[in-house]
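Data block for structure_29.cif (mmCIF, C-alpha atoms and all ligand atoms):
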```cif
data_query
loop_
_atom_site.label_atom_id
_atom_site.label_comp_id
_atom_site.auth_asym_id
_atom_site.auth_seq_id
_atom_site.Cartn_x
_atom_site.Cartn_y
_atom_site.Cartn_z
CA MET A 4 0.00 0.00 0.00
CA VAL A 5 2.94 2.20 -0.87
CA GLY A 6 0.90 5.00 -2.44
CA THR A 7 3.17 7.59 -4.00
CA GLY A 8 6.26 5.99 -2.48
CA SER A 9 7.37 8.10 0.49
CA ALA A 10 8.59 4.95 2.28
CA LEU A 11 10.79 3.98 -0.70
CA ILE A 12 12.29 7.45 -0.80
CA ALA A 13 13.05 7.32 2.92
CA ALA A 14 14.66 3.90 2.38
CA LEU A 15 16.86 5.24 -0.43
CA ARG A 16 18.00 8.09 1.82
CA ALA A 17 18.73 5.57 4.58
CA GLY A 18 20.76 3.39 2.19
CA ARG A 19 18.33 0.47 2.39
CA HIS A 20 16.81 -1.76 -0.29
CA SER A 21 13.04 -1.37 -0.50
CA TYR A 22 9.94 -2.83 -2.13
CA GLY A 23 6.45 -1.37 -2.20
CA ILE A 24 3.19 -2.80 -3.50
CA GLU A 25 0.49 -0.45 -4.79
CA LEU A 26 -2.87 -1.38 -6.30
CA ASN A 27 -3.57 1.87 -8.13
CA PRO A 28 -1.40 2.03 -11.29
CA LYS A 29 -1.55 5.83 -11.26
CA TYR A 30 0.00 6.07 -7.78
CA ALA A 31 2.50 3.32 -8.62
CA GLU A 32 3.68 5.34 -11.62
CA ILE A 33 4.00 8.52 -9.53
CA ALA A 34 6.01 6.51 -6.97
CA ARG A 35 8.35 5.28 -9.75
CA GLN A 36 8.90 8.83 -10.97
CA LEU A 37 9.60 10.14 -7.47
CA VAL A 38 12.00 7.27 -6.82
CA ALA A 39 13.81 8.04 -10.09
CA GLU A 40 14.11 11.72 -9.11
CA GLU A 41 15.41 10.78 -5.67
CA ARG A 42 17.97 8.42 -7.22
CA ALA A 43 19.18 11.20 -9.47
CA ALA A 44 19.45 13.59 -6.50
CA LEU A 45 21.34 11.07 -4.36
CA GLY A 46 23.72 10.06 -7.17
CA GLU A 47 26.34 7.50 -6.11
CA ALA A 48 24.83 7.03 -2.65
CA ALA A 49 21.82 5.30 -4.23
CA GLN A 50 23.78 3.08 -6.57
CA GLY A 51 23.08 -0.63 -6.20
CA LEU A 52 20.04 -0.03 -4.00
CA ALA A 53 16.75 -1.68 -4.94
CA ALA A 54 13.71 0.63 -4.71
CA GLU A 55 11.04 -1.31 -6.51
CA VAL A 56 7.40 -0.40 -6.99
CA ILE A 57 5.20 -3.42 -7.73
CA THR A 58 1.80 -2.64 -9.24
CA GLY A 59 -0.34 -5.27 -7.56
CA ASP A 60 -2.55 -6.39 -4.70
CA ALA A 61 -0.98 -6.53 -1.23
CA ALA A 62 -3.20 -9.55 -0.57
CA ARG A 63 -1.03 -11.43 -3.12
CA VAL A 64 2.31 -10.54 -1.54
CA ALA A 65 3.52 -14.16 -1.67
CA GLU A 66 3.39 -14.11 -5.49
CA TYR A 67 5.81 -11.24 -6.09
CA GLY A 68 9.10 -13.04 -5.43
CA LEU A 69 10.17 -10.72 -2.61
CA PRO A 70 13.35 -11.44 -0.65
CA THR A 71 13.44 -11.79 3.16
CA ILE A 72 12.28 -8.48 4.63
CA ASP A 73 13.93 -6.73 7.62
CA TYR A 74 11.29 -4.05 8.25
CA VAL A 75 7.81 -3.15 7.05
CA ILE A 76 6.21 0.28 7.34
CA THR A 77 2.66 0.61 6.08
CA SER A 78 -0.39 2.79 6.26
CA PRO A 79 -3.54 1.13 4.91
CA PRO A 80 -6.76 2.85 3.82
CA TYR A 81 -8.62 3.73 7.02
CA TRP A 82 -11.61 1.54 6.10
CA ASP A 83 -13.93 3.37 3.67
CA MET A 84 -13.32 6.72 5.37
CA LEU A 85 -12.64 8.47 2.07
CA HIS A 86 -16.21 7.69 1.00
CA ALA A 87 -17.60 9.64 4.00
CA ARG A 88 -19.02 12.75 2.35
CA GLY A 89 -18.68 15.12 5.30
CA ALA A 90 -15.09 14.26 6.11
CA GLU A 91 -13.06 17.40 6.55
CA THR A 92 -10.17 16.22 4.38
CA GLN A 93 -12.59 15.27 1.62
CA LYS A 94 -14.08 18.74 1.50
CA LYS A 95 -10.61 20.14 1.02
CA ARG A 96 -9.74 17.55 -1.62
CA ARG A 97 -12.96 18.20 -3.58
CA SER A 98 -12.18 21.86 -3.74
CA ALA A 99 -8.69 21.12 -5.10
CA ALA A 100 -9.69 19.92 -8.56
CA ASP A 101 -6.64 17.75 -9.25
CA LEU A 102 -6.84 15.61 -6.08
CA ASP A 103 -8.47 12.16 -5.96
CA VAL A 104 -11.39 11.87 -3.55
CA VAL A 105 -11.08 8.07 -3.17
CA TYR A 106 -8.04 5.89 -3.97
CA SER A 107 -9.75 3.93 -6.78
CA ASP A 108 -12.92 2.05 -7.74
CA ASP A 109 -11.06 -1.29 -7.76
CA PRO A 110 -12.98 -3.89 -5.67
CA ASN A 111 -9.62 -5.14 -4.32
CA ASP A 112 -8.96 -1.65 -2.91
CA LEU A 113 -9.42 -2.04 0.84
CA GLY A 114 -10.90 1.47 0.96
CA ASN A 115 -13.87 0.17 -1.07
CA ILE A 116 -14.97 -2.53 1.42
CA HIS A 117 -17.96 -1.05 3.23
CA ASP A 118 -18.57 -3.77 5.82
CA TYR A 119 -16.27 -3.02 8.79
CA HIS A 120 -15.72 -6.63 9.81
CA ALA A 121 -15.03 -7.77 6.23
CA PHE A 122 -12.54 -4.91 5.88
CA LEU A 123 -10.80 -5.74 9.16
CA GLU A 124 -10.60 -9.43 8.28
CA LYS A 125 -8.99 -8.70 4.91
CA LEU A 126 -6.52 -6.22 6.41
CA VAL A 127 -5.47 -8.65 9.15
CA ALA A 128 -5.05 -11.40 6.54
CA ILE A 129 -2.76 -9.14 4.45
CA TYR A 130 -0.45 -8.39 7.39
CA ALA A 131 -0.55 -12.00 8.63
CA ALA A 132 0.57 -13.18 5.17
CA LEU A 133 3.78 -11.13 5.53
CA LYS A 134 4.99 -13.40 8.31
CA PRO A 135 6.77 -16.00 6.13
CA LEU A 136 8.64 -13.16 4.38
CA LEU A 137 9.80 -11.43 7.56
CA ARG A 138 13.15 -12.07 9.16
CA GLU A 139 12.89 -13.44 12.69
CA ARG A 140 12.59 -10.45 15.10
CA ALA A 141 11.87 -8.02 12.23
CA TYR A 142 9.59 -5.10 13.06
CA LEU A 143 6.33 -4.14 11.37
CA THR A 144 4.99 -0.58 11.84
CA ILE A 145 1.36 0.07 10.96
CA ILE A 146 0.09 3.65 10.88
CA VAL A 147 -3.64 3.65 11.43
CA LYS A 148 -6.45 5.57 13.09
CA ASN A 149 -9.71 4.81 14.87
CA VAL A 150 -12.58 5.76 12.57
CA LYS A 151 -15.64 7.86 13.43
CA LYS A 152 -18.70 6.97 11.38
CA GLY A 153 -22.47 7.24 11.81
CA GLY A 154 -22.24 8.70 15.31
CA LYS A 155 -19.78 6.21 16.82
CA ILE A 156 -16.17 5.13 16.81
CA TYR A 157 -14.99 1.98 15.09
CA PRO A 158 -11.74 1.26 16.96
CA LEU A 159 -9.74 0.17 13.92
CA ALA A 160 -6.32 0.76 15.50
CA TRP A 161 -7.26 -1.19 18.63
CA ASP A 162 -8.99 -4.01 16.71
CA LEU A 163 -5.94 -4.36 14.48
CA ALA A 164 -3.58 -4.32 17.47
CA ARG A 165 -5.60 -7.04 19.19
CA ALA A 166 -5.95 -9.28 16.11
CA LEU A 167 -2.35 -8.96 14.92
CA GLY A 168 -1.11 -9.27 18.50
CA GLU A 169 -2.09 -12.94 18.17
CA ILE A 170 0.31 -13.34 15.22
CA TYR A 171 3.14 -10.94 16.09
CA ALA A 172 4.25 -9.49 19.42
CA LEU A 173 2.73 -6.03 19.90
CA LYS A 174 5.74 -4.16 21.23
CA ASP A 175 4.92 -0.47 21.29
CA GLU A 176 2.62 2.31 20.19
CA LYS A 177 3.50 5.84 19.17
CA ILE A 178 1.06 8.64 18.44
CA TRP A 179 1.37 10.72 15.29
CA CYS A 180 -0.42 13.97 16.11
CA GLN A 181 -1.67 16.11 13.22
CA ASP A 182 -1.49 19.35 15.13
CA ASN A 183 -1.73 21.37 11.93
CA GLN A 184 -5.44 20.44 11.58
CA ARG A 185 -8.20 22.76 12.80
CA LEU A 186 -10.73 21.56 15.34
CA ALA A 187 -14.11 20.73 13.75
CA PRO A 188 -17.21 20.23 15.91
CA TYR A 189 -19.04 17.26 14.32
CA GLY A 190 -21.82 16.47 16.79
CA ILE A 191 -23.28 19.96 17.16
CA GLY A 192 -26.85 19.91 18.48
CA ASN A 193 -26.66 16.21 19.44
CA ALA A 194 -23.44 15.43 21.20
CA TRP A 195 -19.95 16.81 21.63
CA VAL A 196 -17.63 15.11 19.13
CA SER A 197 -14.63 16.57 17.37
CA ASN A 198 -12.52 15.41 14.48
CA THR A 199 -9.57 13.18 15.39
CA PHE A 200 -5.99 14.39 15.27
CA HIS A 201 -4.06 11.35 16.38
CA HIS A 202 -2.97 8.29 14.44
CA TYR A 203 -1.36 5.24 16.01
CA CYS A 204 1.98 3.87 14.87
CA LEU A 205 1.59 0.27 16.04
CA GLN A 206 4.90 -1.55 16.44
CA PHE A 207 4.82 -5.31 16.05
CA ARG A 208 7.73 -7.73 16.07
CA ASN A 209 8.01 -11.10 14.37
CA GLU A 210 8.69 -13.19 17.47
C1 LIG B 1 -3.12 5.61 3.26
S1 LIG B 1 -2.62 5.30 1.57
C2 LIG B 1 -0.87 5.07 1.78
C3 LIG B 1 -0.08 6.30 1.47
C4 LIG B 1 1.42 6.10 1.48
N1 LIG B 1 1.90 5.93 2.84
C5 LIG B 1 2.13 7.26 0.80
O1 LIG B 1 3.13 7.76 1.32
O2 LIG B 1 1.69 7.67 -0.28
C6 LIG B 1 -3.23 3.68 1.24
C7 LIG B 1 -2.86 3.12 -0.13
O3 LIG B 1 -3.26 1.76 -0.20
C8 LIG B 1 -3.58 1.46 -1.55
N2 LIG B 1 -4.30 0.18 -1.56
C9 LIG B 1 -5.60 -0.07 -1.21
N3 LIG B 1 -5.88 -1.37 -1.30
C10 LIG B 1 -4.74 -2.00 -1.70
C11 LIG B 1 -4.39 -3.36 -1.96
N4 LIG B 1 -5.29 -4.34 -1.85
N5 LIG B 1 -3.11 -3.64 -2.35
C12 LIG B 1 -2.20 -2.63 -2.49
N6 LIG B 1 -2.48 -1.34 -2.26
C13 LIG B 1 -3.73 -1.02 -1.87
C14 LIG B 1 -4.34 2.70 -2.00
O4 LIG B 1 -4.37 2.82 -3.42
C15 LIG B 1 -3.51 3.82 -1.33
O5 LIG B 1 -2.51 4.28 -2.19
#
```

With the file now loaded, output its structure as structure tokens.
Amino acid sequence: MVGTGSALIAALRAGRHSYGIELNPKYAEIARQLVAEERAALGEAAQGLAAEVITGDAARVAEYGLPTIDYVITSPPYWDMLHARGAETQKKRRSAADLDVVYSDDPNDLGNIHDYHAFLEKLVAIYAALKPLLRERAYLTIIVKNVKKGGKIYPLAWDLARALGEIYALKDEKIWCQDNQRLAPYGIGNAWVSNTFHHYCLQFRNE
């Protein structure tokens, strides 16, 4: 779920080989271009480093001939949050004509699964299927958020932590705080609810 490839660029700068899988061919192509630009900027420092964008489905990770992996960093679609019409980010994206409002209309896009439990099951299965590829004691960082929808919270980060904690050791959590966002009162007239500013960086280890 490498999107436009920021993780691959960070890996190049850190002198590490990297592989990213992205379902949407448009994003995969942007990632390839950005990787090429970063290679050119880094010059010799990037020579011999793999930074490969695979256009494909993360659910099929076993089919892509990947080598043993030392570290995974990933941020999945936050359920079908991008389909929520009122979402603050969506309003901004709609007004900026060249920005996508949803990632794709591909049925394999996790952001297009509308049943929460079906979504969670598929996401857990994707991360569980990484296990045979991961070096023993390798870390897996998942950046994810609890989702507000229809007047309640679906605790995606916590559900994922609990389910994957059965497969990997849940070692740590860090909060990524988007303190550049403005407070939005969502529940006005009914309840006090605000938008959410914190994402979890869940740290698992292959133990
Ligand atoms: C939150 S974004 C990740 C953004 C990324 N961290 C970046 O720097 O651009 C989630 C990405 O997952 C992709 N995606 C959704 N379902 C997928 C699947 N089944 N396999 C691979 N990628 C998928 C979406 O197209 C989207 O680019």

For A:Ala65, list every protein, DNA or RNA residue within 10 Å, evaluated using all atoms listed in the file, and leave out those in the same chain fewer than 4 positions away; present the list as a list of chain:residue names.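 Returned residues: A:Ala61, A:Leu69, A:Ala132, A:Leu133, A:Pro135, A:Leu136.
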
Using all atoms listed in the file, can you tell me which of A:Ala194, A:Leu45, A:Val105, A:Ala121 comes closest to ligand LIG 1 (chain B)?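 Checking each of A:Ala194, A:Leu45, A:Val105, A:Ala121 against ligand LIG 1 (chain B), counting all atoms listed in the file, the winner is A:Val105.
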
Size and centre in Å, one decimal, axis-aligned box, all listed ligand LIG 1 (chain B) atoms plus 5 Å per side, as lines of an AutoDock Vina configuration file:
```
center_x = -1.4
center_y = 1.7
center_z = -0.1
size_x = 19.0
size_y = 22.1
size_z = 16.7
```

Could you give me, as a tab-separated table, a per-residue list for chain A showing, wherever an atom lies at most 8 Å from an atom of ligand LIG 1 (chain B), the closest pair of atoms and their distance in Å to one decimal, using all atoms listed in the file and sorting by chain then residue number from low to high?
```
residue	atom	partner	partner_atom	distance
A:Met4	CA	B:LIG1	N6	3.6
A:Val5	CA	B:LIG1	C4	4.8
A:Gly6	CA	B:LIG1	O5	3.5
A:Thr7	CA	B:LIG1	O2	4.0
A:Gly8	CA	B:LIG1	O1	5.2
A:Ser9	CA	B:LIG1	O1	4.3
A:Ala10	CA	B:LIG1	O1	6.2
A:Ile24	CA	B:LIG1	C12	5.5
A:Glu25	CA	B:LIG1	N6	4.0
A:Leu26	CA	B:LIG1	N6	4.1
A:Asn27	CA	B:LIG1	O4	4.9
A:Tyr30	CA	B:LIG1	O5	6.4
A:Thr58	CA	B:LIG1	C12	7.8
A:Gly59	CA	B:LIG1	C12	6.0
A:Asp60	CA	B:LIG1	N5	3.7
A:Ala61	CA	B:LIG1	N5	3.8
A:Ala62	CA	B:LIG1	N4	5.8
A:Thr77	CA	B:LIG1	N1	6.3
A:Ser78	CA	B:LIG1	C1	4.9
A:Pro79	CA	B:LIG1	C6	4.5
A:Pro80	CA	B:LIG1	C6	4.5
A:Tyr81	CA	B:LIG1	C1	6.9
A:Tyr106	CA	B:LIG1	O4	4.8
A:Ser107	CA	B:LIG1	O4	6.4
A:Asn111	CA	B:LIG1	N4	5.0
A:Asp112	CA	B:LIG1	N3	3.5
A:Leu113	CA	B:LIG1	N3	4.2
A:Gly114	CA	B:LIG1	C9	5.9
```

For A:Pro70, which of A:Ser21, A:Gln36, A:Ser197, A:Gln50 is the closest residue, counting only C-alpha atoms? A:Ser21

So that I can see what lies close to A:His201, please list as a list of chain:residue names the residues with an atom at most 9 Å from it, counting only C-alpha atoms and leaving out residues fewer than 3 positions away in the same chain.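 Near neighbours after the sequence-gap exclusion: A:Lys148, A:Asn149, A:Ile178, A:Trp179, A:Cys180, A:Gln181, A:Asp182.
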